[in-house]
Amino acid sequence: MPADTPILELRGVSKRFGAVQALTTVDFTANVGEVTALVGDNGAGKSTLVKTIAGITTMDEGEYRFEGQEVHLHGPQSATTLGIATVYQDLALCDNLDVIGNLFLGHERLGGTRLLDETSMERESTRVLHRLAVRIPSVRTQVASLSGGQRQSVAIARSMLGNPKVALLDEPTAALGVAQTAQVLNLIRTLREQGLAVVVISHNLGDVFQVADRIEVLRLGRRVASFETAKTDSDEVVSAITGAKSGDEQLPIGDEADASNGATSGASDVEVNER
Amino acid sequence: MTVSDLDPRLIAEQPGLAGAWQGFRRRLAMGELGSLPVVVGIAIIWVIFQIANSNFLTAGNLTNLVLQIAGLGTISVGIVLVLLLGEIDLSAGAVSGLAAGVMAVLNVKHGVPGWLAIVGALATGALIGLVQGFWTTRFRIPAFVVTLAGLLAWQGALLYVLGSTGTINMTDGTITGLANTFFVPLDAWLLAVVVTVAYAAAKLWERRQRAAAGLPVPAMRAVVIRIVVLAVLLLAAAAVLAADRGLPLALVIFVALVVVFDLIIRRTRFGRHILAVGGNSEAAHRAGIKVSNVRMVVFMIASTMAAAGGVLLASRLFAVNQSSGASDLLLNAIAAAVIGGTSLFGGRGSAYSALLGALVIGSISNGMDLLGVSSDKKFMVTGAVLLLAATVDALSRRGRQAAGRA
């Protein structure tokens, strides 16, 4: 594939749930060595888009390209096989197992005697956590005793065991403290440096501006704006999220939206796809 | 992974013996008591009964004690597995009775050889477990309800199988031999030595493997202490058993089952999956574990173990009757698992809790029999001990929560 082909590209994705048009002709791309943030208000269609990428929901219309080839996903397993790892908001960790148990859950390694090969799993766990610069007291610690940031790191590290090419992180910093958030953001940067295409879904624009290279904004099921982080500011993004800029049905609410209204008007380097 | 700038509350165990001791004290303070309370409990119970009746700690009575707990403990091993899933099996007592009934009818009324009748009993248990597990997973009915229905149904089935006979006495050597065979005293000593050597070899080999892989290894002295403790325990047991009738086959069967299932739980993929389902079944499902299959197999194992326990109990009694597997058998089996330290909430526990819990319940029952206490008081005391054990569990859970390890 040519160097400039996005590793993951969705074109014109539409999805309807009964009476709700969750996604309307949405385009989305993710590039190697880049962090793409997917932002939007509640109900904007972020989750549906992520589930579509992860193969959990199928799209009604649209094209799914991976490494330049059109692919058709049949369930989450085919996304994993392609090399797309997803870390969900609720982490899905077993509190009663240790870090190794969680990292290898469902993919336990067996030794010659059909017993678990703890030595090999412990070595690999230590290696992966070290590579991701994750700090935990011991890989033998029960996950229940880890902090929120450490749990998030373990969940991300688990998705890295399959050597994926794309990492989808759903609200990785939600409910984390300041230090823990910094820890997870560092981990996201590490993933980018190691050549992954990282997609981060987040509500927290502060975090988004810290790690993302590109920001894609969804609103009411449409991709309404796409920013390069370096060339925008949070007011601009907020107005795209709330729809304050285009002056459509939603009126600006409060001072913040008013301010962003003014800030956006002069922006020329922003690609805005209002329809 | 650097150890520096870590949260000091989470610091890993320091190397060396002092580190191991510190770690032990820290776990204790945080409510991770493991099997310590129940071991202390057994010691207290034994001292009390020994003071009350000097016959309690004699070789003969202790041999009786292990014979008494073999059947109950075997059923309890299956209960431990079900509890690890976060489920419950209320049919275990009835299944043990029905399986014993099937064995007795096959052997006595139909002339089936003893070993085949035993296989028939175990197969009955496995089939029942499969049906109950299927019903629970396929129709998503709580196991509590499905196995409650089983409790009633299998009790009825036992009455049906026994027919008008009521009681079937067994004389088949294979069947009665299970609970009435004793290996010569020398075998007890031999087994103690062999097991100790095997354990030591496994521990040292594991330590070498870890060292070769560049992983942290436990302090050599800590390993040696573990081996010595095990050796002392096994040799003491061998000495007691050798002083009476010898090593009972029933005890060998029971303890072997405990050891094997402990290995399955801790060291196999299937065991890991049981713990995962009990800890967070949604996470297990997302990790690609076939949760329904794990549940079904565990229910099958639990009912098979119940059947095995029923066979041992019938063998000891030389008979199967209409009250086989009834009365307090089920509740004692569940109580043993909980007293032994297996959580009712899933994901935490060990096969050894069946052994330790059965020892507690067996000791109380045996001791009060020696003292001639009537069964009304026995029930009340056993109930109080169960409540005490559950309270210790709840308090240690609170300790874990306070330490952020819930």
# chains A, B, ... in the order shown; residues from 1 in each chain; ligands from 1

$ interface_residues --of "chain A" --to "chain B" --cutoff "10 Å" --atoms "only C-alpha atoms" --output "ChimeraX atom specification"
/A:76-77,90-97,101-111,113-120,122-123,126-147

$ write_last_selection --atoms "C-alpha atoms" --output "CSV table (one decimal), in the first residue's frame"
chain,number,residue,atom,x,y,z
A,76,PRO,CA,-15.4,-8.6,16.6
A,77,GLN,CA,-13.1,-11.5,15.9
A,90,ASP,CA,-15.6,-0.7,31.3
A,91,LEU,CA,-12.2,-2.4,30.8
A,92,ALA,CA,-13.5,-5.9,31.3
A,93,LEU,CA,-10.9,-7.0,33.8
A,94,CYS,CA,-11.3,-9.8,36.3
A,95,ASP,CA,-10.6,-8.3,39.7
A,96,ASN,CA,-9.8,-11.7,41.3
A,97,LEU,CA,-7.1,-12.6,38.8
A,101,GLY,CA,-4.1,-13.7,34.4
A,102,ASN,CA,-5.9,-10.7,32.9
A,103,LEU,CA,-3.3,-10.0,30.2
A,104,PHE,CA,-3.5,-13.6,28.9
A,105,LEU,CA,-7.2,-14.2,29.6
A,106,GLY,CA,-8.6,-16.3,26.9
A,107,HIS,CA,-5.2,-16.8,25.4
A,108,GLU,CA,-3.4,-18.6,28.2
A,109,ARG,CA,-0.1,-20.3,27.2
A,110,LEU,CA,0.3,-23.9,28.0
A,111,GLY,CA,3.5,-25.8,28.7
A,113,THR,CA,2.4,-30.8,30.4
A,114,ARG,CA,-0.9,-29.0,29.4
A,115,LEU,CA,-0.5,-27.0,32.5
A,116,LEU,CA,-0.4,-23.2,32.3
A,117,ASP,CA,3.1,-22.0,31.3
A,118,GLU,CA,3.3,-19.3,34.0
A,119,THR,CA,7.0,-18.7,33.5
A,120,SER,CA,6.5,-17.8,29.8
A,122,GLU,CA,5.1,-13.8,33.3
A,123,ARG,CA,8.2,-13.1,31.2
A,126,THR,CA,6.9,-8.1,32.1
A,127,ARG,CA,8.2,-7.4,28.6
A,128,VAL,CA,5.0,-5.9,27.3
A,129,LEU,CA,4.5,-3.7,30.4
A,130,HIS,CA,8.1,-2.6,30.3
A,131,ARG,CA,7.8,-1.7,26.6
A,132,LEU,CA,4.7,0.3,27.3
A,133,ALA,CA,6.4,1.9,30.3
A,134,VAL,CA,3.6,0.8,32.6
A,135,ARG,CA,4.4,0.9,36.2
A,136,ILE,CA,2.8,-1.6,38.5
A,137,PRO,CA,4.1,-3.2,41.7
A,138,SER,CA,4.3,-6.7,40.4
A,139,VAL,CA,2.7,-8.7,37.6
A,140,ARG,CA,1.5,-11.0,40.4
A,141,THR,CA,-0.7,-8.3,41.9
A,142,GLN,CA,-4.4,-8.8,41.9
A,143,VAL,CA,-6.0,-6.4,39.5
A,144,ALA,CA,-8.5,-5.4,42.3
A,145,SER,CA,-5.6,-3.7,44.2
A,146,LEU,CA,-4.5,-1.5,41.2
A,147,SER,CA,-5.4,2.1,40.8

$ residues_around --residues "Met380 in chain B" --least-positions-apart "5" --cutoff "12 Å" --atoms "only C-alpha atoms" --output "list in words"
Ile364, Ser365, Met368, Val373, Ser374, Ser375, Val385, Leu386 and Leu387 of chain B

$ write_last_selection --atoms "N, CA and C atoms" --output "short mmCIF file (atom, residue, chain, number, x, y, z; two decimals), in the first residue's frame"
data_model
loop_
_atom_site.label_atom_id
_atom_site.label_comp_id
_atom_site.auth_asym_id
_atom_site.auth_seq_id
_atom_site.Cartn_x
_atom_site.Cartn_y
_atom_site.Cartn_z
N ILE B 364 -16.28 -31.27 64.87
CA ILE B 364 -17.35 -30.86 65.78
C ILE B 364 -18.33 -32.01 65.99
N SER B 365 -18.72 -32.62 64.87
CA SER B 365 -19.69 -33.71 64.94
C SER B 365 -19.11 -34.88 65.73
N MET B 368 -18.62 -34.05 69.51
CA MET B 368 -19.86 -34.02 70.29
C MET B 368 -20.47 -35.41 70.43
N VAL B 373 -23.33 -35.66 73.16
CA VAL B 373 -24.24 -34.53 72.98
C VAL B 373 -25.33 -34.93 71.99
N SER B 374 -26.56 -34.55 72.26
CA SER B 374 -27.65 -34.95 71.37
C SER B 374 -27.63 -34.08 70.10
N SER B 375 -28.34 -34.55 69.06
CA SER B 375 -28.19 -33.91 67.76
C SER B 375 -28.82 -32.52 67.73
N VAL B 385 -20.91 -22.24 64.20
CA VAL B 385 -19.57 -22.24 63.59
C VAL B 385 -19.64 -21.70 62.17
N LEU B 386 -20.68 -22.10 61.41
CA LEU B 386 -20.82 -21.61 60.04
C LEU B 386 -20.97 -20.09 60.04
N LEU B 387 -21.80 -19.60 60.95
CA LEU B 387 -22.02 -18.15 61.03
C LEU B 387 -20.70 -17.44 61.36
#

$ select_by_dssp --residues "range 47-178 of chain A" --states "alpha helix (DSSP H)" --output "ChimeraX atom specification"
/A:47-53,76-82,99-103,118-131,148-160,178

$ residues_around --residues "Val211 in chain A" --least-positions-apart "3" --cutoff "7 Å" --atoms "only C-alpha atoms" --output "ChimeraX atom specification"
/A:35,185,189,207-208

$ residues_around --residues "Asn163 in chain A" --least-positions-apart "3" --cutoff "9 Å" --atoms "only C-alpha atoms" --output "ChimeraX atom specification"
/A:83,85,159-160

$ select_by_dssp --residues "range 35-220 of chain A" --states "strand (DSSP E or B)" --output "number ranges by chain"
A: 35-40, 61-66, 69-70, 84-87, 98, 110, 116, 142, 166-170, 197-201, 214-219

$ residues_around --residues "range 83-99 of chain B" --least-positions-apart "4" --cutoff "7 Å" --atoms "only C-alpha atoms" --output "PyMOL selection string"
chain B and resi 75+79+103+121-122+124-125+143-144+147-148+150-151+154-155+157-158+274-275+277-278+303+306-307+309-310+324-326+329-330+343-349

$ write_last_selection --atoms "N, CA and C atoms" --output "mmCIF file, in the first residue's frame"
data_model
loop_
_atom_site.group_PDB
_atom_site.id
_atom_site.type_symbol
_atom_site.label_atom_id
_atom_site.label_comp_id
_atom_site.auth_asym_id
_atom_site.auth_seq_id
_atom_site.Cartn_x
_atom_site.Cartn_y
_atom_site.Cartn_z
ATOM 1 N N ILE B 75 -18.054 -34.429 48.287
ATOM 2 C CA ILE B 75 -19.168 -33.627 47.769
ATOM 3 C C ILE B 75 -18.789 -32.148 47.801
ATOM 4 N N ILE B 79 -18.821 -28.640 45.336
ATOM 5 C CA ILE B 79 -19.464 -27.381 45.729
ATOM 6 C C ILE B 79 -18.483 -26.217 45.590
ATOM 7 N N MET B 103 -26.216 -47.227 42.125
ATOM 8 C CA MET B 103 -25.148 -48.205 42.299
ATOM 9 C C MET B 103 -25.663 -49.460 43.012
ATOM 10 N N ALA B 121 -22.919 -45.139 38.854
ATOM 11 C CA ALA B 121 -23.270 -44.066 39.790
ATOM 12 C C ALA B 121 -22.644 -42.746 39.354
ATOM 13 N N LEU B 122 -21.347 -42.799 38.988
ATOM 14 C CA LEU B 122 -20.656 -41.574 38.568
ATOM 15 C C LEU B 122 -21.278 -41.030 37.284
ATOM 16 N N THR B 124 -24.343 -41.410 36.343
ATOM 17 C CA THR B 124 -25.617 -40.796 36.718
ATOM 18 C C THR B 124 -25.394 -39.356 37.171
ATOM 19 N N GLY B 125 -24.377 -39.181 38.021
ATOM 20 C CA GLY B 125 -24.059 -37.829 38.498
ATOM 21 C C GLY B 125 -23.705 -36.907 37.354
ATOM 22 N N ALA B 143 -29.115 -20.867 38.839
ATOM 23 C CA ALA B 143 -28.756 -22.222 39.253
ATOM 24 C C ALA B 143 -29.440 -22.585 40.565
ATOM 25 N N PHE B 144 -29.657 -21.560 41.386
ATOM 26 C CA PHE B 144 -30.357 -21.762 42.658
ATOM 27 C C PHE B 144 -31.689 -22.472 42.437
ATOM 28 N N THR B 147 -31.274 -26.114 40.565
ATOM 29 C CA THR B 147 -30.792 -27.176 41.439
ATOM 30 C C THR B 147 -31.747 -27.413 42.613
ATOM 31 N N LEU B 148 -32.570 -26.413 42.935
ATOM 32 C CA LEU B 148 -33.616 -26.631 43.944
ATOM 33 C C LEU B 148 -34.655 -27.603 43.390
ATOM 34 N N GLY B 150 -33.927 -29.739 41.168
ATOM 35 C CA GLY B 150 -33.199 -30.997 41.161
ATOM 36 C C GLY B 150 -33.242 -31.675 42.526
ATOM 37 N N LEU B 151 -33.060 -30.878 43.581
ATOM 38 C CA LEU B 151 -33.091 -31.417 44.945
ATOM 39 C C LEU B 151 -34.360 -32.236 45.180
ATOM 40 N N TRP B 154 -34.553 -35.350 42.324
ATOM 41 C CA TRP B 154 -33.640 -36.486 42.497
ATOM 42 C C TRP B 154 -33.937 -37.239 43.779
ATOM 43 N N GLN B 155 -34.482 -36.539 44.779
ATOM 44 C CA GLN B 155 -34.931 -37.254 45.984
ATOM 45 C C GLN B 155 -36.055 -38.213 45.624
ATOM 46 N N ALA B 157 -36.523 -39.418 42.669
ATOM 47 C CA ALA B 157 -35.948 -40.468 41.828
ATOM 48 C C ALA B 157 -35.306 -41.561 42.674
ATOM 49 N N LEU B 158 -34.699 -41.171 43.796
ATOM 50 C CA LEU B 158 -34.090 -42.174 44.684
ATOM 51 C C LEU B 158 -35.161 -43.123 45.223
ATOM 52 N N ILE B 274 -12.588 -20.866 34.933
ATOM 53 C CA ILE B 274 -13.585 -20.910 36.012
ATOM 54 C C ILE B 274 -13.457 -19.646 36.870
ATOM 55 N N LEU B 275 -12.218 -19.331 37.270
ATOM 56 C CA LEU B 275 -11.998 -18.152 38.111
ATOM 57 C C LEU B 275 -12.418 -16.882 37.377
ATOM 58 N N VAL B 277 -14.717 -16.552 34.992
ATOM 59 C CA VAL B 277 -16.178 -16.469 34.919
ATOM 60 C C VAL B 277 -16.733 -16.040 36.277
ATOM 61 N N GLY B 278 -16.164 -16.593 37.357
ATOM 62 C CA GLY B 278 -16.623 -16.223 38.688
ATOM 63 C C GLY B 278 -16.281 -14.784 39.036
ATOM 64 N N SER B 303 -21.774 -32.427 40.109
ATOM 65 C CA SER B 303 -22.692 -33.541 40.333
ATOM 66 C C SER B 303 -21.956 -34.873 40.337
ATOM 67 N N ALA B 306 -20.516 -35.137 43.662
ATOM 68 C CA ALA B 306 -21.584 -35.483 44.602
ATOM 69 C C ALA B 306 -21.851 -36.977 44.542
ATOM 70 N N ALA B 307 -21.883 -37.520 43.320
ATOM 71 C CA ALA B 307 -22.101 -38.961 43.159
ATOM 72 C C ALA B 307 -20.974 -39.742 43.822
ATOM 73 N N GLY B 309 -19.089 -38.793 46.272
ATOM 74 C CA GLY B 309 -19.280 -38.706 47.723
ATOM 75 C C GLY B 309 -20.357 -39.664 48.197
ATOM 76 N N GLY B 310 -21.442 -39.747 47.417
ATOM 77 C CA GLY B 310 -22.534 -40.662 47.764
ATOM 78 C C GLY B 310 -22.064 -42.104 47.788
ATOM 79 N N SER B 324 -30.783 -41.674 52.222
ATOM 80 C CA SER B 324 -29.417 -41.423 51.746
ATOM 81 C C SER B 324 -29.360 -40.062 51.064
ATOM 82 N N GLY B 325 -28.370 -39.286 51.407
ATOM 83 C CA GLY B 325 -28.190 -37.972 50.774
ATOM 84 C C GLY B 325 -29.157 -36.919 51.275
ATOM 85 N N ALA B 326 -30.010 -37.273 52.215
ATOM 86 C CA ALA B 326 -30.965 -36.288 52.724
ATOM 87 C C ALA B 326 -30.392 -35.649 53.995
ATOM 88 N N LEU B 329 -26.796 -33.314 54.900
ATOM 89 C CA LEU B 329 -25.602 -33.571 54.089
ATOM 90 C C LEU B 329 -25.277 -32.404 53.162
ATOM 91 N N LEU B 330 -26.305 -31.927 52.408
ATOM 92 C CA LEU B 330 -26.071 -30.835 51.458
ATOM 93 C C LEU B 330 -25.572 -29.586 52.172
ATOM 94 N N SER B 343 -15.280 -18.195 48.839
ATOM 95 C CA SER B 343 -16.275 -17.130 48.902
ATOM 96 C C SER B 343 -17.574 -17.552 48.231
ATOM 97 N N LEU B 344 -18.693 -17.106 48.811
ATOM 98 C CA LEU B 344 -20.002 -17.371 48.211
ATOM 99 C C LEU B 344 -20.242 -16.480 47.000
ATOM 100 N N PHE B 345 -19.353 -15.499 46.793
ATOM 101 C CA PHE B 345 -19.618 -14.501 45.757
ATOM 102 C C PHE B 345 -18.827 -14.770 44.480
ATOM 103 N N GLY B 346 -18.152 -15.906 44.435
ATOM 104 C CA GLY B 346 -17.479 -16.301 43.208
ATOM 105 C C GLY B 346 -16.060 -15.794 43.080
ATOM 106 N N GLY B 347 -15.242 -16.585 42.388
ATOM 107 C CA GLY B 347 -13.913 -16.135 42.006
ATOM 108 C C GLY B 347 -12.818 -16.302 43.041
ATOM 109 N N ARG B 348 -13.183 -16.546 44.297
ATOM 110 C CA ARG B 348 -12.144 -16.686 45.320
ATOM 111 C C ARG B 348 -12.352 -17.968 46.101
ATOM 112 N N GLY B 349 -11.308 -18.759 46.206
ATOM 113 C CA GLY B 349 -11.414 -19.988 46.970
ATOM 114 C C GLY B 349 -10.410 -21.008 46.484
#

$ residues_around --residues "Leu130 in chain B" --least-positions-apart "3" --cutoff "12 Å" --atoms "only C-alpha atoms" --output "list of chain:residue names"
B:Ala123, B:Thr124, B:Gly125, B:Ala126, B:Leu127, B:Gly133, B:Phe134, B:Trp135, B:Thr136, B:Thr137, B:Arg138, B:Val146, B:Thr147, B:Gly150, B:Ser292, B:Asn293, B:Val294, B:Arg295, B:Met296, B:Val297, B:Val298, B:Phe299, B:Met300, B:Ile301, B:Ala302, B:Ser303, B:Thr304

$ write_last_selection --atoms "N, CA and C atoms" --output "PDB file, in the first residue's frame"
ATOM      1  N   ALA B 123     -21.637 -41.937  36.359  1.00  0.00           N
ATOM      2  CA  ALA B 123     -22.248 -41.502  35.104  1.00  0.00           C
ATOM      3  C   ALA B 123     -23.597 -40.851  35.376  1.00  0.00           C
ATOM      4  N   THR B 124     -24.343 -41.410  36.343  1.00  0.00           N
ATOM      5  CA  THR B 124     -25.617 -40.796  36.718  1.00  0.00           C
ATOM      6  C   THR B 124     -25.394 -39.356  37.171  1.00  0.00           C
ATOM      7  N   GLY B 125     -24.377 -39.181  38.021  1.00  0.00           N
ATOM      8  CA  GLY B 125     -24.059 -37.829  38.498  1.00  0.00           C
ATOM      9  C   GLY B 125     -23.705 -36.907  37.354  1.00  0.00           C
ATOM     10  N   ALA B 126     -22.844 -37.384  36.446  1.00  0.00           N
ATOM     11  CA  ALA B 126     -22.405 -36.551  35.325  1.00  0.00           C
ATOM     12  C   ALA B 126     -23.592 -36.138  34.462  1.00  0.00           C
ATOM     13  N   LEU B 127     -24.478 -37.095  34.202  1.00  0.00           N
ATOM     14  CA  LEU B 127     -25.643 -36.808  33.357  1.00  0.00           C
ATOM     15  C   LEU B 127     -26.538 -35.758  34.018  1.00  0.00           C
ATOM     16  N   GLY B 133     -26.794 -28.112  34.272  1.00  0.00           N
ATOM     17  CA  GLY B 133     -25.956 -27.060  33.699  1.00  0.00           C
ATOM     18  C   GLY B 133     -26.557 -26.534  32.416  1.00  0.00           C
ATOM     19  N   PHE B 134     -27.086 -27.447  31.594  1.00  0.00           N
ATOM     20  CA  PHE B 134     -27.702 -27.039  30.333  1.00  0.00           C
ATOM     21  C   PHE B 134     -28.904 -26.147  30.604  1.00  0.00           C
ATOM     22  N   TRP B 135     -29.722 -26.586  31.565  1.00  0.00           N
ATOM     23  CA  TRP B 135     -30.925 -25.814  31.869  1.00  0.00           C
ATOM     24  C   TRP B 135     -30.567 -24.411  32.373  1.00  0.00           C
ATOM     25  N   THR B 136     -29.559 -24.345  33.208  1.00  0.00           N
ATOM     26  CA  THR B 136     -29.149 -23.051  33.763  1.00  0.00           C
ATOM     27  C   THR B 136     -28.640 -22.117  32.676  1.00  0.00           C
ATOM     28  N   THR B 137     -27.774 -22.657  31.783  1.00  0.00           N
ATOM     29  CA  THR B 137     -27.152 -21.777  30.798  1.00  0.00           C
ATOM     30  C   THR B 137     -28.072 -21.513  29.618  1.00  0.00           C
ATOM     31  N   ARG B 138     -28.829 -22.543  29.191  1.00  0.00           N
ATOM     32  CA  ARG B 138     -29.639 -22.377  27.992  1.00  0.00           C
ATOM     33  C   ARG B 138     -30.835 -21.461  28.250  1.00  0.00           C
ATOM     34  N   VAL B 146     -32.801 -24.007  39.490  1.00  0.00           N
ATOM     35  CA  VAL B 146     -32.689 -25.267  38.752  1.00  0.00           C
ATOM     36  C   VAL B 146     -32.266 -26.392  39.697  1.00  0.00           C
ATOM     37  N   THR B 147     -31.274 -26.114  40.565  1.00  0.00           N
ATOM     38  CA  THR B 147     -30.792 -27.176  41.439  1.00  0.00           C
ATOM     39  C   THR B 147     -31.747 -27.413  42.613  1.00  0.00           C
ATOM     40  N   GLY B 150     -33.927 -29.739  41.168  1.00  0.00           N
ATOM     41  CA  GLY B 150     -33.199 -30.997  41.161  1.00  0.00           C
ATOM     42  C   GLY B 150     -33.242 -31.675  42.526  1.00  0.00           C
ATOM     43  N   SER B 292     -20.731 -20.357  28.748  1.00  0.00           N
ATOM     44  CA  SER B 292     -21.752 -21.388  28.944  1.00  0.00           C
ATOM     45  C   SER B 292     -21.118 -22.764  29.074  1.00  0.00           C
ATOM     46  N   ASN B 293     -20.113 -23.031  28.246  1.00  0.00           N
ATOM     47  CA  ASN B 293     -19.459 -24.340  28.312  1.00  0.00           C
ATOM     48  C   ASN B 293     -18.767 -24.533  29.656  1.00  0.00           C
ATOM     49  N   VAL B 294     -18.077 -23.484  30.128  1.00  0.00           N
ATOM     50  CA  VAL B 294     -17.392 -23.582  31.414  1.00  0.00           C
ATOM     51  C   VAL B 294     -18.414 -23.900  32.504  1.00  0.00           C
ATOM     52  N   ARG B 295     -19.544 -23.152  32.495  1.00  0.00           N
ATOM     53  CA  ARG B 295     -20.573 -23.387  33.514  1.00  0.00           C
ATOM     54  C   ARG B 295     -21.075 -24.820  33.454  1.00  0.00           C
ATOM     55  N   MET B 296     -21.366 -25.279  32.222  1.00  0.00           N
ATOM     56  CA  MET B 296     -21.946 -26.607  32.067  1.00  0.00           C
ATOM     57  C   MET B 296     -20.982 -27.670  32.588  1.00  0.00           C
ATOM     58  N   VAL B 297     -19.710 -27.553  32.226  1.00  0.00           N
ATOM     59  CA  VAL B 297     -18.732 -28.558  32.656  1.00  0.00           C
ATOM     60  C   VAL B 297     -18.593 -28.534  34.177  1.00  0.00           C
ATOM     61  N   VAL B 298     -18.617 -27.335  34.774  1.00  0.00           N
ATOM     62  CA  VAL B 298     -18.476 -27.258  36.231  1.00  0.00           C
ATOM     63  C   VAL B 298     -19.667 -27.922  36.923  1.00  0.00           C
ATOM     64  N   PHE B 299     -20.865 -27.675  36.415  1.00  0.00           N
ATOM     65  CA  PHE B 299     -22.026 -28.341  37.022  1.00  0.00           C
ATOM     66  C   PHE B 299     -21.927 -29.849  36.870  1.00  0.00           C
ATOM     67  N   MET B 300     -21.380 -30.278  35.740  1.00  0.00           N
ATOM     68  CA  MET B 300     -21.200 -31.708  35.522  1.00  0.00           C
ATOM     69  C   MET B 300     -20.209 -32.280  36.531  1.00  0.00           C
ATOM     70  N   ILE B 301     -19.092 -31.585  36.718  1.00  0.00           N
ATOM     71  CA  ILE B 301     -18.083 -32.053  37.677  1.00  0.00           C
ATOM     72  C   ILE B 301     -18.681 -32.077  39.083  1.00  0.00           C
ATOM     73  N   ALA B 302     -19.428 -31.016  39.428  1.00  0.00           N
ATOM     74  CA  ALA B 302     -19.977 -30.925  40.779  1.00  0.00           C
ATOM     75  C   ALA B 302     -20.900 -32.100  41.057  1.00  0.00           C
ATOM     76  N   SER B 303     -21.774 -32.427  40.109  1.00  0.00           N
ATOM     77  CA  SER B 303     -22.692 -33.541  40.333  1.00  0.00           C
ATOM     78  C   SER B 303     -21.956 -34.873  40.337  1.00  0.00           C
ATOM     79  N   THR B 304     -20.892 -34.973  39.525  1.00  0.00           N
ATOM     80  CA  THR B 304     -20.101 -36.209  39.534  1.00  0.00           C
ATOM     81  C   THR B 304     -19.411 -36.380  40.883  1.00  0.00           C
TER      82      THR B 304
END

$ residues_around --residues "Thr24 in chain A" --least-positions-apart "4" --cutoff "6 Å" --atoms "only C-alpha atoms" --output "ChimeraX atom specification"
/A:14,221-222
